[in-house]
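Dumped data_10.pdb below, it's PDB, C-alpha atoms:
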ATOM      1  CA  MET E 589       0.000   0.000   0.000
ATOM      2  CA  LEU E 590       1.668   3.190  -1.207
ATOM      3  CA  ASP E 591       0.960   6.735  -0.093
ATOM      4  CA  ILE E 592       1.156   8.666  -3.377
ATOM      5  CA  PRO E 593       2.126  12.356  -2.941
ATOM      6  CA  ASN E 594      -0.464  14.977  -3.870
ATOM      7  CA  SER E 595      -0.959  18.729  -3.369
ATOM      8  CA  ARG E 596      -1.815  18.186   0.311
ATOM      9  CA  SER E 597       1.162  15.918   1.100
ATOM     10  CA  SER E 598       4.279  16.842   3.040
ATOM     11  CA  HIS E 599       6.343  14.177   1.279
ATOM     12  CA  SER E 600       7.529  13.997  -2.319
ATOM     13  CA  VAL E 601       8.028  10.286  -3.098
ATOM     14  CA  PRO E 602       5.608   7.326  -2.931
ATOM     15  CA  THR E 603       6.010   5.714   0.495
ATOM     16  CA  PRO E 604       4.526   2.514   1.961
ATOM     17  CA  ARG E 605       1.834   3.090   4.573
ATOM     18  CA  GLY E 606       0.227   0.898   7.209
ATOM     19  CA  GLY E 607       3.387   0.435   9.302
ATOM     20  CA  GLY E 608       1.458   1.383  12.431
ATOM     21  CA  ILE E 609       0.088  -2.152  12.468
ATOM     22  CA  ALA E 610       3.338  -3.142  14.227
ATOM     23  CA  ILE E 611       2.491  -0.839  17.152
ATOM     24  CA  VAL E 612      -1.071  -2.196  17.225
ATOM     25  CA  VAL E 613       0.189  -5.800  17.389
ATOM     26  CA  VAL E 614       2.436  -4.919  20.351
ATOM     27  CA  LEU E 615      -0.454  -3.119  22.029
ATOM     28  CA  ILE E 616      -2.777  -6.101  21.621
ATOM     29  CA  LEU E 617      -0.173  -8.572  22.898
ATOM     30  CA  SER E 618       0.674  -6.400  25.904
ATOM     31  CA  ALA E 619      -3.036  -5.923  26.670
ATOM     32  CA  GLY E 620      -3.512  -9.689  26.591
ATOM     33  CA  LEU E 621      -0.612 -10.217  28.986
ATOM     34  CA  SER E 622      -1.832  -7.424  31.273
ATOM     35  CA  LEU E 623      -5.027  -9.376  31.959
ATOM     36  CA  PHE E 624      -2.937 -11.773  34.086
ATOM     37  CA  PHE E 625      -1.524  -9.015  36.297
ATOM     38  CA  PRO E 626      -2.644  -8.951  39.957
ATOM     39  CA  ALA E 627      -5.749  -6.809  40.490
ATOM     40  CA  ALA E 628      -6.177  -6.291  36.748
ATOM     41  CA  GLN E 629      -9.511  -4.628  35.919
ATOM     42  CA  LEU E 630     -10.519  -7.126  33.256
ATOM     43  CA  ASP E 631     -13.642  -5.401  31.941
ATOM     44  CA  LEU E 632     -11.949  -2.033  31.513
ATOM     45  CA  LEU E 633      -8.794  -3.513  29.992
ATOM     46  CA  LEU E 634     -10.912  -5.479  27.532
ATOM     47  CA  CYS E 635     -12.698  -2.247  26.611
ATOM     48  CA  LEU E 636      -9.330  -0.610  25.967
ATOM     49  CA  LEU E 637      -8.384  -3.582  23.798
ATOM     50  CA  PHE E 638     -11.701  -3.534  21.921
ATOM     51  CA  THR E 639     -11.496   0.193  21.141
ATOM     52  CA  THR E 640      -7.949  -0.014  19.854
ATOM     53  CA  LEU E 641      -8.566  -3.106  17.742
ATOM     54  CA  ALA E 642     -11.813  -1.740  16.273
ATOM     55  CA  PHE E 643     -10.168   1.533  15.232
ATOM     56  CA  ALA E 644      -7.170  -0.397  13.885
ATOM     57  CA  LEU E 645      -9.403  -2.562  11.693
ATOM     58  CA  LEU E 646     -11.223   0.520  10.420
ATOM     59  CA  GLY E 647      -7.890   2.221   9.707
ATOM     60  CA  TRP E 648      -6.548  -0.850   7.902
ATOM     61  CA  GLN E 649      -9.563  -0.908   5.617
ATOM     62  CA  ASP E 650      -9.173   2.807   4.981
ATOM     63  CA  ASP E 651      -5.479   2.346   4.139
ATOM     64  CA  LYS E 652      -6.447  -0.336   1.621
ATOM     65  CA  HIS E 653      -9.623   1.071   0.119
ATOM     66  CA  ASP E 654      -9.821   4.822   0.955
ATOM     67  CA  LEU E 655     -13.257   4.714   2.596
ATOM     68  CA  SER E 656     -15.600   7.678   2.287
ATOM     69  CA  ALA E 657     -15.577  10.292   5.057
ATOM     70  CA  SER E 658     -19.223   9.595   5.940
ATOM     71  CA  SER E 659     -18.739   5.830   6.325
ATOM     72  CA  ARG E 660     -15.577   6.335   8.408
ATOM     73  CA  PHE E 661     -17.352   8.787  10.699
ATOM     74  CA  PHE E 662     -20.395   6.524  11.157
ATOM     75  CA  ILE E 663     -18.246   3.527  12.108
ATOM     76  CA  GLN E 664     -16.178   5.701  14.445
ATOM     77  CA  LEU E 665     -19.355   6.822  16.235
ATOM     78  CA  LEU E 666     -20.438   3.196  16.666
ATOM     79  CA  ILE E 667     -17.063   2.187  18.109
ATOM     80  CA  ALA E 668     -17.035   5.186  20.454
ATOM     81  CA  ALA E 669     -20.610   4.509  21.593
ATOM     82  CA  VAL E 670     -19.857   0.879  22.460
ATOM     83  CA  SER E 671     -16.653   1.913  24.244
ATOM     84  CA  SER E 672     -18.442   4.630  26.235
ATOM     85  CA  VAL E 673     -21.198   2.259  27.366
ATOM     86  CA  TRP E 674     -18.547  -0.284  28.341
ATOM     87  CA  LEU E 675     -16.449   2.245  30.273
ATOM     88  CA  LEU E 676     -19.355   3.831  32.152
ATOM     89  CA  TRP E 677     -21.320   0.626  32.831
ATOM     90  CA  ASN E 678     -19.788  -0.097  36.258
ATOM     91  CA  THR E 679     -19.648   3.511  37.470
ATOM     92  CA  SER E 680     -22.155   5.806  39.142
ATOM     93  CA  LEU E 681     -22.349   7.665  35.841
ATOM     94  CA  TRP E 682     -24.529   4.885  34.429
ATOM     95  CA  ALA E 683     -27.615   6.156  36.305
ATOM     96  CA  LEU E 684     -30.026   7.763  33.834
ATOM     97  CA  THR E 685     -29.759  11.462  34.639
ATOM     98  CA  LEU E 686     -29.373  14.463  32.361
ATOM     99  CA  ILE E 687     -25.775  15.111  33.432
ATOM    100  CA  ASN E 688     -24.815  11.457  32.927
ATOM    101  CA  VAL E 689     -26.373  11.409  29.455
ATOM    102  CA  LEU E 690     -24.341  14.516  28.670
ATOM    103  CA  ILE E 691     -21.161  12.837  29.952
ATOM    104  CA  PHE E 692     -21.957   9.795  27.804
ATOM    105  CA  LEU E 693     -22.369  11.918  24.667
ATOM    106  CA  LEU E 694     -19.200  13.878  25.445
ATOM    107  CA  SER E 695     -17.359  10.583  25.916
ATOM    108  CA  ILE E 696     -18.400   9.478  22.416
ATOM    109  CA  LEU E 697     -17.311  12.782  20.880
ATOM    110  CA  TRP E 698     -14.028  12.716  22.824
ATOM    111  CA  ILE E 699     -13.070   9.263  21.519
ATOM    112  CA  VAL E 700     -14.007  10.108  17.918
ATOM    113  CA  TRP E 701     -12.211  13.465  18.131
ATOM    114  CA  MET E 702      -9.000  11.971  19.520
ATOM    115  CA  ALA E 703      -8.952   9.204  16.901
ATOM    116  CA  ASN E 704      -9.273  11.786  14.137
ATOM    117  CA  ILE E 705      -6.791  14.200  15.711
ATOM    118  CA  TYR E 706      -4.096  11.537  15.689
ATOM    119  CA  ASN E 707      -4.967  10.876  12.060
ATOM    120  CA  PHE E 708      -4.884  14.581  11.121
ATOM    121  CA  MET E 709      -1.591  15.234  12.897
ATOM    122  CA  ASP E 710       0.277  12.250  11.447
ATOM    123  CA  GLY E 711       1.457  14.244   8.456
ATOM    124  CA  ILE E 712       5.243  14.531   8.719
ATOM    125  CA  ASP E 713       8.053  12.082   9.443
ATOM    126  CA  GLY E 714       8.400  11.027  13.063
ATOM    127  CA  ILE E 715       5.809  13.306  14.644
ATOM    128  CA  SER E 716       3.244  10.707  15.763
ATOM    129  CA  ALA E 717       5.894   8.186  16.829
ATOM    130  CA  ILE E 718       7.420  10.874  19.084
ATOM    131  CA  GLU E 719       3.987  11.834  20.415
ATOM    132  CA  THR E 720       3.254   8.192  21.226
ATOM    133  CA  ILE E 721       6.592   7.691  22.996
ATOM    134  CA  VAL E 722       6.008  10.668  25.308
ATOM    135  CA  LEU E 723       2.331   9.930  25.940
ATOM    136  CA  GLY E 724       2.946   6.233  26.544
ATOM    137  CA  THR E 725       5.877   6.798  28.899
ATOM    138  CA  THR E 726       4.109   9.511  30.899
ATOM    139  CA  THR E 727       0.836   7.614  31.315
ATOM    140  CA  ALA E 728       2.808   4.487  32.288
ATOM    141  CA  TYR E 729       4.325   6.506  35.132
ATOM    142  CA  TRP E 730       0.923   7.838  36.216
ATOM    143  CA  PHE E 731      -0.694   4.400  36.272
ATOM    144  CA  THR E 732       2.282   2.942  38.127
ATOM    145  CA  MET E 733       1.884   5.590  40.819
ATOM    146  CA  ALA E 734      -1.842   4.742  40.949
ATOM    147  CA  ASP E 735      -0.988   1.019  41.445
ATOM    148  CA  SER E 736      -2.595   0.072  38.128
ATOM    149  CA  LEU E 737       0.330  -1.976  36.867
ATOM    150  CA  SER E 738      -1.645  -3.685  34.107
ATOM    151  CA  ALA E 739      -2.489  -0.355  32.456
ATOM    152  CA  ALA E 740       1.064   0.904  33.024
ATOM    153  CA  PHE E 741       2.433  -2.203  31.288
ATOM    154  CA  ILE E 742       0.328  -1.549  28.187
ATOM    155  CA  CYS E 743       1.355   2.116  28.069
ATOM    156  CA  ILE E 744       5.088   1.446  28.299
ATOM    157  CA  ALA E 745       4.792  -1.346  25.715
ATOM    158  CA  VAL E 746       3.105   1.088  23.309
ATOM    159  CA  ALA E 747       5.857   3.648  23.939
ATOM    160  CA  GLY E 748       8.503   0.988  23.247
ATOM    161  CA  ALA E 749       6.796  -0.099  20.038
ATOM    162  CA  ALA E 750       6.642   3.530  18.887
ATOM    163  CA  LEU E 751      10.352   3.908  19.619
ATOM    164  CA  GLY E 752      11.078   0.897  17.422
ATOM    165  CA  PHE E 753       8.801   2.254  14.699
ATOM    166  CA  LEU E 754      10.517   5.665  14.846
ATOM    167  CA  ARG E 755      13.651   4.126  13.340
ATOM    168  CA  TRP E 756      11.729   3.452  10.119
ATOM    169  CA  ASN E 757       9.572   6.573  10.255
ATOM    170  CA  TRP E 758      12.364   9.089  10.919
ATOM    171  CA  SER E 759      13.064  11.516   8.077
ATOM    172  CA  PRO E 760      13.300  10.501   5.315
ATOM    173  CA  ALA E 761      10.598   8.006   6.287
ATOM    174  CA  LYS E 762      10.813   4.501   4.844
ATOM    175  CA  ILE E 763       7.246   3.737   5.923
ATOM    176  CA  PHE E 764       4.256   5.684   7.253
ATOM    177  CA  MET E 765       2.067   4.802  10.219
ATOM    178  CA  GLY E 766      -1.110   4.943   8.153
ATOM    179  CA  ASP E 767      -4.677   5.108   9.445
ATOM    180  CA  VAL E 768      -4.305   1.671  11.008
ATOM    181  CA  GLY E 769      -1.826   3.164  13.471
ATOM    182  CA  SER E 770      -3.062   6.731  13.887
ATOM    183  CA  LEU E 771      -6.764   5.904  14.408
ATOM    184  CA  ALA E 772      -5.914   3.063  16.791
ATOM    185  CA  LEU E 773      -3.541   5.185  18.889
ATOM    186  CA  GLY E 774      -5.969   8.096  19.011
ATOM    187  CA  GLY E 775      -8.744   5.788  20.194
ATOM    188  CA  PHE E 776      -6.376   4.145  22.677
ATOM    189  CA  PHE E 777      -5.252   7.374  24.347
ATOM    190  CA  ALA E 778      -8.803   8.754  24.392
ATOM    191  CA  THR E 779     -10.123   5.629  26.134
ATOM    192  CA  LEU E 780      -7.107   5.603  28.441
ATOM    193  CA  ALA E 781      -7.981   9.119  29.637
ATOM    194  CA  ILE E 782     -11.548   8.079  30.527
ATOM    195  CA  PHE E 783     -10.237   4.904  32.171
ATOM    196  CA  GLY E 784      -7.660   6.826  34.239
ATOM    197  CA  THR E 785     -10.106   9.522  35.311
ATOM    198  CA  SER E 786     -13.046   7.259  36.194
ATOM    199  CA  THR E 787     -11.131   4.488  37.998
ATOM    200  CA  GLN E 788      -7.756   5.833  39.134
ATOM    201  CA  GLY E 789      -8.629   9.403  40.066
ATOM    202  CA  ILE E 790      -6.152  10.916  37.604
ATOM    203  CA  PRO E 791      -7.424  14.419  36.713
ATOM    204  CA  PHE E 792      -8.836  14.589  33.219
ATOM    205  CA  LEU E 793      -7.156  17.970  32.932
ATOM    206  CA  ALA E 794      -3.776  16.225  33.198
ATOM    207  CA  PHE E 795      -4.585  14.180  30.093
ATOM    208  CA  LEU E 796      -5.721  17.325  28.260
ATOM    209  CA  ILE E 797      -2.414  19.035  29.071
ATOM    210  CA  LEU E 798      -0.413  15.960  28.075
ATOM    211  CA  TYR E 799      -2.259  15.727  24.749
ATOM    212  CA  ALA E 800      -2.266  19.518  24.264
ATOM    213  CA  VAL E 801       0.063  19.739  21.243
ATOM    214  CA  TYR E 802      -2.271  17.632  19.107
ATOM    215  CA  LEU E 803      -5.476  18.997  20.666
ATOM    216  CA  THR E 804      -4.462  22.635  20.236
ATOM    217  CA  ASP E 805      -3.090  22.372  16.703
ATOM    218  CA  ALA E 806      -6.066  20.400  15.407
ATOM    219  CA  GLY E 807      -8.626  22.415  17.383
ATOM    220  CA  PHE E 808      -7.480  25.864  16.287
ATOM    221  CA  THR E 809      -6.953  24.711  12.699
ATOM    222  CA  LEU E 810     -10.475  23.297  12.546
ATOM    223  CA  LEU E 811     -11.945  26.484  14.051
ATOM    224  CA  HIS E 812     -10.013  28.622  11.560
ATOM    225  CA  ARG E 813     -11.265  26.567   8.604
ATOM    226  CA  ILE E 814     -14.873  26.737   9.835
ATOM    227  CA  ILE E 815     -14.667  30.524  10.248
ATOM    228  CA  LYS E 816     -13.270  30.823   6.710
ATOM    229  CA  LYS E 817     -16.138  28.595   5.487
ATOM    230  CA  GLU E 818     -13.740  26.016   4.084
ATOM    231  CA  LYS E 819     -14.611  22.346   3.724
ATOM    232  CA  TRP E 820     -13.114  21.470   7.115
ATOM    233  CA  TRP E 821     -13.728  17.712   6.741
ATOM    234  CA  GLN E 822     -11.422  17.476   3.726
ATOM    235  CA  ALA E 823      -7.662  16.846   3.880
ATOM    236  CA  HIS E 824      -5.530  19.987   3.854
ATOM    237  CA  ARG E 825      -2.105  21.444   4.700
ATOM    238  CA  SER E 826      -3.054  24.211   7.124
ATOM    239  CA  HIS E 827      -2.084  22.628  10.469
ATOM    240  CA  TYR E 828       0.537  24.586  12.381
ATOM    241  CA  TYR E 829       3.081  21.779  12.106
ATOM    242  CA  GLN E 830       2.496  21.771   8.322
ATOM    243  CA  ARG E 831       2.897  25.547   8.184
ATOM    244  CA  ALA E 832       6.200  25.178  10.019
ATOM    245  CA  VAL E 833       7.430  22.754   7.327
ATOM    246  CA  GLN E 834       6.116  24.966   4.522
ATOM    247  CA  SER E 835       7.962  27.949   6.005
ATOM    248  CA  GLY E 836      11.345  26.253   5.720
ATOM    249  CA  TYR E 837      11.777  24.003   8.760
ATOM    250  CA  SER E 838      12.625  20.345   8.078
ATOM    251  CA  HIS E 839      10.579  17.380   9.278
ATOM    252  CA  VAL E 840      13.351  16.612  11.758
ATOM    253  CA  GLN E 841      13.320  20.126  13.217
ATOM    254  CA  VAL E 842       9.536  20.214  13.605
ATOM    255  CA  SER E 843       9.355  16.710  15.128
ATOM    256  CA  LEU E 844      12.161  17.521  17.578
ATOM    257  CA  ALA E 845      10.359  20.741  18.528
ATOM    258  CA  VAL E 846       7.242  18.674  19.232
ATOM    259  CA  LEU E 847       9.362  16.362  21.399
ATOM    260  CA  ILE E 848      10.643  19.287  23.488
ATOM    261  CA  ILE E 849       7.152  20.738  23.927
ATOM    262  CA  ASP E 850       5.728  17.288  24.755
ATOM    263  CA  VAL E 851       8.337  16.706  27.449
ATOM    264  CA  PHE E 852       7.557  20.114  28.980
ATOM    265  CA  LEU E 853       3.808  19.378  28.962
ATOM    266  CA  ALA E 854       4.399  15.890  30.393
ATOM    267  CA  LEU E 855       6.318  17.432  33.296
ATOM    268  CA  LEU E 856       3.609  20.037  33.828
ATOM    269  CA  ALA E 857       0.825  17.431  33.750
ATOM    270  CA  SER E 858       2.748  15.113  36.086
ATOM    271  CA  LEU E 859       3.176  17.937  38.615
ATOM    272  CA  LEU E 860      -0.581  18.481  38.414
ATOM    273  CA  VAL E 861      -1.242  14.769  39.021
ATOM    274  CA  ALA E 862       1.125  14.896  42.021
ATOM    275  CA  GLU E 863      -0.728  18.013  43.270
ATOM    276  CA  LYS E 864       2.467  20.073  43.235
ATOM    277  CA  ILE E 865       0.898  22.821  41.136
ATOM    278  CA  SER E 866      -2.638  24.164  40.831
ATOM    279  CA  ALA E 867      -4.944  23.585  37.888
ATOM    280  CA  PRO E 868      -5.164  27.315  36.952
ATOM    281  CA  PHE E 869      -1.345  27.577  36.892
ATOM    282  CA  ALA E 870      -1.048  24.441  34.723
ATOM    283  CA  ILE E 871      -3.697  25.736  32.307
ATOM    284  CA  ALA E 872      -2.087  29.179  32.095
ATOM    285  CA  MET E 873       1.373  27.724  31.413
ATOM    286  CA  THR E 874       0.047  25.351  28.752
ATOM    287  CA  MET E 875      -2.000  28.002  26.953
ATOM    288  CA  GLY E 876       0.784  30.568  27.212
ATOM    289  CA  VAL E 877       3.493  28.351  25.722
ATOM    290  CA  LEU E 878       1.331  26.930  22.932
ATOM    291  CA  SER E 879      -0.172  30.321  22.035
ATOM    292  CA  LEU E 880       3.305  31.825  21.723
ATOM    293  CA  LEU E 881       4.499  28.958  19.535
ATOM    294  CA  MET E 882       1.460  29.136  17.257
ATOM    295  CA  PHE E 883       1.947  32.890  16.903
ATOM    296  CA  LEU E 884       5.625  32.449  15.973
ATOM    297  CA  VAL E 885       4.876  29.689  13.461
ATOM    298  CA  ASN E 886       2.072  31.662  11.857
ATOM    299  CA  SER E 887       4.189  34.822  11.639
ATOM    300  CA  ARG E 888       7.062  32.966   9.980
ATOM    301  CA  PHE E 889       4.641  31.230   7.606
ATOM    302  CA  LYS E 890       3.143  34.566   6.491
ATOM    303  CA  ARG E 891       6.594  36.103   5.962
ATOM    304  CA  PHE E 892       7.751  33.053   4.008
ATOM    305  CA  LYS E 893       4.599  33.088   1.883
ATOM    306  CA  SER E 894       4.890  36.810   1.123
ATOM    307  CA  ASN E 895       8.464  36.312  -0.135
TER     308      ASN E 895
END
Can the structure from this file be put into structure tokens for me?
Amino acid sequence: MLDIPNSRSSHSVPTPRGGGIAIVVVLILSAGLSLFFPAAQLDLLLCLLFTTLAFALLGWQDDKHDLSASSRFFIQLLIAAVSSVWLLWNTSLWALTLINVLIFLLSILWIVWMANIYNFMDGIDGISAIETIVLGTTTAYWFTMADSLSAAFICIAVAGAALGFLRWNWSPAKIFMGDVGSLALGGFFATLAIFGTSTQGIPFLAFLILYAVYLTDAGFTLLHRIIKKEKWWQAHRSHYYQRAVQSGYSHVQVSLAVLIIDVFLALLASLLVAEKISAPFAIAMTMGVLSLLMFLVNSRFKRFKSN
């Protein structure tokens, strides 16, 4: 399966895609092994496994056949709905109240959004492998501190698989992750956030800060395209990381910049989890740093474009 360059691509030569299946295989194997850990929460771990595998299968079919946007979105909603029911079944949130229905709907949207964000942001060499390494390592630490060793084992295995994949995906990439990897990882980290918040008491805000590079870039780009009345559901090259590449930075430079920012956000989120800093301070630091970076990237992009 070759990814053929087009006007929206950030690469210039046909490159194999679907390499993310290697990370998915490691994730599935580690999830299976984690079920035998002491005090493993079998139902929740199986939900995590189901969500990842379902998104991986959808992504694999999309890599092979280029499914329509409407069919992809419908299947994503179904997967997210099943996952949300599964996650909330054994919690107090399952009682039929207006607020719990709202939480259920937000859970569905969160899982679908994260799956698509990972897919949108996987557009240059190394970026999503780096994101996965940092997210997997950080969440492994959080779950270890929360005595959820089974979840921690899965997270560190995913980080290790991404590190191995990075060798082949580093610029110039020999293979791309593809939808099979990006959709699966987005669904995995989305479900992991709900799992950690509902069962381990990890603040959901900590996950938002940890995921903030992808959330902020994709969120502001989508908002900008909606305001400009563009067809926001179509592929494009207007993400901030893409603008950075278009303004002269290499894939290596942009991916390394993402690594530095991710490490900073991981430290900030971990301090929040450890209750060493307040939520308002963590939010202000995250928004301040990312706003400054987006401003700098956009300014350079405009100058580069005008020349």
Query raised in the report: Mind telling me what the PyMOL selection byres ((chain E and resi 598-615) around 9) catches here, as a VMD selection string?
Result: chain E and resid 589 to 597 616 to 620 637 640 to 641 644 647 to 648 651 to 652 711 to 713 742 to 743 745 to 750 752 to 753 756 to 757 760 to 770 772 to 773 825 830 833 to 834 839
Please, could you write that set of residues out with C-alpha atoms as an mmCIF file, keeping the file's coordinate frame?
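Writing the result to result.cif gives the following:
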data_model
loop_
_atom_site.group_PDB
_atom_site.id
_atom_site.type_symbol
_atom_site.label_atom_id
_atom_site.label_comp_id
_atom_site.auth_asym_id
_atom_site.auth_seq_id
_atom_site.Cartn_x
_atom_site.Cartn_y
_atom_site.Cartn_z
ATOM 1 C CA MET E 589 0.000 0.000 0.000
ATOM 2 C CA LEU E 590 1.668 3.190 -1.207
ATOM 3 C CA ASP E 591 0.960 6.735 -0.093
ATOM 4 C CA ILE E 592 1.156 8.666 -3.377
ATOM 5 C CA PRO E 593 2.126 12.356 -2.941
ATOM 6 C CA ASN E 594 -0.464 14.977 -3.870
ATOM 7 C CA SER E 595 -0.959 18.729 -3.369
ATOM 8 C CA ARG E 596 -1.815 18.186 0.311
ATOM 9 C CA SER E 597 1.162 15.918 1.100
ATOM 10 C CA ILE E 616 -2.777 -6.101 21.621
ATOM 11 C CA LEU E 617 -0.173 -8.572 22.898
ATOM 12 C CA SER E 618 0.674 -6.400 25.904
ATOM 13 C CA ALA E 619 -3.036 -5.923 26.670
ATOM 14 C CA GLY E 620 -3.512 -9.689 26.591
ATOM 15 C CA LEU E 637 -8.384 -3.582 23.798
ATOM 16 C CA THR E 640 -7.949 -0.014 19.854
ATOM 17 C CA LEU E 641 -8.566 -3.106 17.742
ATOM 18 C CA ALA E 644 -7.170 -0.397 13.885
ATOM 19 C CA GLY E 647 -7.890 2.221 9.707
ATOM 20 C CA TRP E 648 -6.548 -0.850 7.902
ATOM 21 C CA ASP E 651 -5.479 2.346 4.139
ATOM 22 C CA LYS E 652 -6.447 -0.336 1.621
ATOM 23 C CA GLY E 711 1.457 14.244 8.456
ATOM 24 C CA ILE E 712 5.243 14.531 8.719
ATOM 25 C CA ASP E 713 8.053 12.082 9.443
ATOM 26 C CA ILE E 742 0.328 -1.549 28.187
ATOM 27 C CA CYS E 743 1.355 2.116 28.069
ATOM 28 C CA ALA E 745 4.792 -1.346 25.715
ATOM 29 C CA VAL E 746 3.105 1.088 23.309
ATOM 30 C CA ALA E 747 5.857 3.648 23.939
ATOM 31 C CA GLY E 748 8.503 0.988 23.247
ATOM 32 C CA ALA E 749 6.796 -0.099 20.038
ATOM 33 C CA ALA E 750 6.642 3.530 18.887
ATOM 34 C CA GLY E 752 11.078 0.897 17.422
ATOM 35 C CA PHE E 753 8.801 2.254 14.699
ATOM 36 C CA TRP E 756 11.729 3.452 10.119
ATOM 37 C CA ASN E 757 9.572 6.573 10.255
ATOM 38 C CA PRO E 760 13.300 10.501 5.315
ATOM 39 C CA ALA E 761 10.598 8.006 6.287
ATOM 40 C CA LYS E 762 10.813 4.501 4.844
ATOM 41 C CA ILE E 763 7.246 3.737 5.923
ATOM 42 C CA PHE E 764 4.256 5.684 7.253
ATOM 43 C CA MET E 765 2.067 4.802 10.219
ATOM 44 C CA GLY E 766 -1.110 4.943 8.153
ATOM 45 C CA ASP E 767 -4.677 5.108 9.445
ATOM 46 C CA VAL E 768 -4.305 1.671 11.008
ATOM 47 C CA GLY E 769 -1.826 3.164 13.471
ATOM 48 C CA SER E 770 -3.062 6.731 13.887
ATOM 49 C CA ALA E 772 -5.914 3.063 16.791
ATOM 50 C CA LEU E 773 -3.541 5.185 18.889
ATOM 51 C CA ARG E 825 -2.105 21.444 4.700
ATOM 52 C CA GLN E 830 2.496 21.771 8.322
ATOM 53 C CA VAL E 833 7.430 22.754 7.327
ATOM 54 C CA GLN E 834 6.116 24.966 4.522
ATOM 55 C CA HIS E 839 10.579 17.380 9.278
#
Report task. Step by step, work through what the PyMOL selection byres ((chain E and resi 875) around 12) selects in the shown file, and finish by giving those residues as number ranges by chain. Result -> E: 796-797, 800-801, 803-805, 853, 856, 868-874, 876-883
Report task. Specify as number ranges by chain each residue included when the PyMOL selection byres ((chain E and resi 718-727) around 8) is applied to this file. Result -> E: 714-717, 728-731, 740, 743-748, 750-751, 754, 773, 798-799, 843, 846-847, 850-851, 854, 858
Write out as a compact mmCIF listing (two decimals) with C-alpha atoms, in the frame of the given file which residues come within 12 Å of Arg891 (chain E) when counting only C-alpha atoms, dropping same-chain ones fewer than 5 positions away.
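Output file selection-v5.txt is given in full below:
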# COMPACT_ATOMS: atom_id res chain seq x y z
CA ARG E 831 2.90 25.55 8.18
CA ALA E 832 6.20 25.18 10.02
CA GLN E 834 6.12 24.97 4.52
CA SER E 835 7.96 27.95 6.00
CA GLY E 836 11.34 26.25 5.72
CA LEU E 884 5.62 32.45 15.97
CA VAL E 885 4.88 29.69 13.46
CA ASN E 886 2.07 31.66 11.86
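Between CA of Phe792 (chain E) and CA of Ile814 (chain E) lies a distance of 27.0 Å.
Taking all atoms listed in the file into account, the residues near (-18.0, 10.7, 24.8), no farther than 10 Å, are Leu665, Ala668, Ala669, Ser671, Ser672, Val673, Val689, Leu690, Ile691, Phe692, Leu693, Leu694, Ser695, Ile696, Leu697, Trp698, Ile699, Val700, Trp701, Ala778, Thr779 and Ile782 of chain E.
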Report task. Using only C-alpha atoms, pick whichever of E:Met709, E:Leu675, E:Ala781, E:Val861 has the shortest atom-to-atom distance to Asp631 (chain E). Result ->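 Of E:Met709, E:Leu675, E:Ala781, E:Val861, the one nearest Asp631 (chain E) is E:Leu675, counting only C-alpha atoms.
Taking all atoms listed in the file, the non-local environment of Gly789 (chain E) within 9 Å (same-chain residues fewer than 4 positions away omitted) comprises Ala734, Gly784 and Thr785 of chain E.
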Output file for the selection above: C-alpha atoms, as a PDB file, keeping the file's coordinate frame:
ATOM      1  CA  ALA E 734      -1.842   4.742  40.949  1.00  0.00           C
ATOM      2  CA  GLY E 784      -7.660   6.826  34.239  1.00  0.00           C
ATOM      3  CA  THR E 785     -10.106   9.522  35.311  1.00  0.00           C
TER       4      THR E 785
END
Query raised in the report: Which of these residues is nearest to Phe643 (chain E), using only C-alpha atoms: E:Met733, E:Leu771, E:Leu676, E:Val670?
Result: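 Nearest to Phe643 (chain E): E:Leu771.
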Query raised in the report: What is the CA of Trp674 (chain E) to CA of Asn707 (chain E) distance in Å?
Result: 24.0 Å
Query raised in the report: At what distance in Å, to one decimal, does CA of Tyr706 (chain E) lie from CA of Gly807 (chain E)?
Result: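 A separation of 11.9 Å between them.
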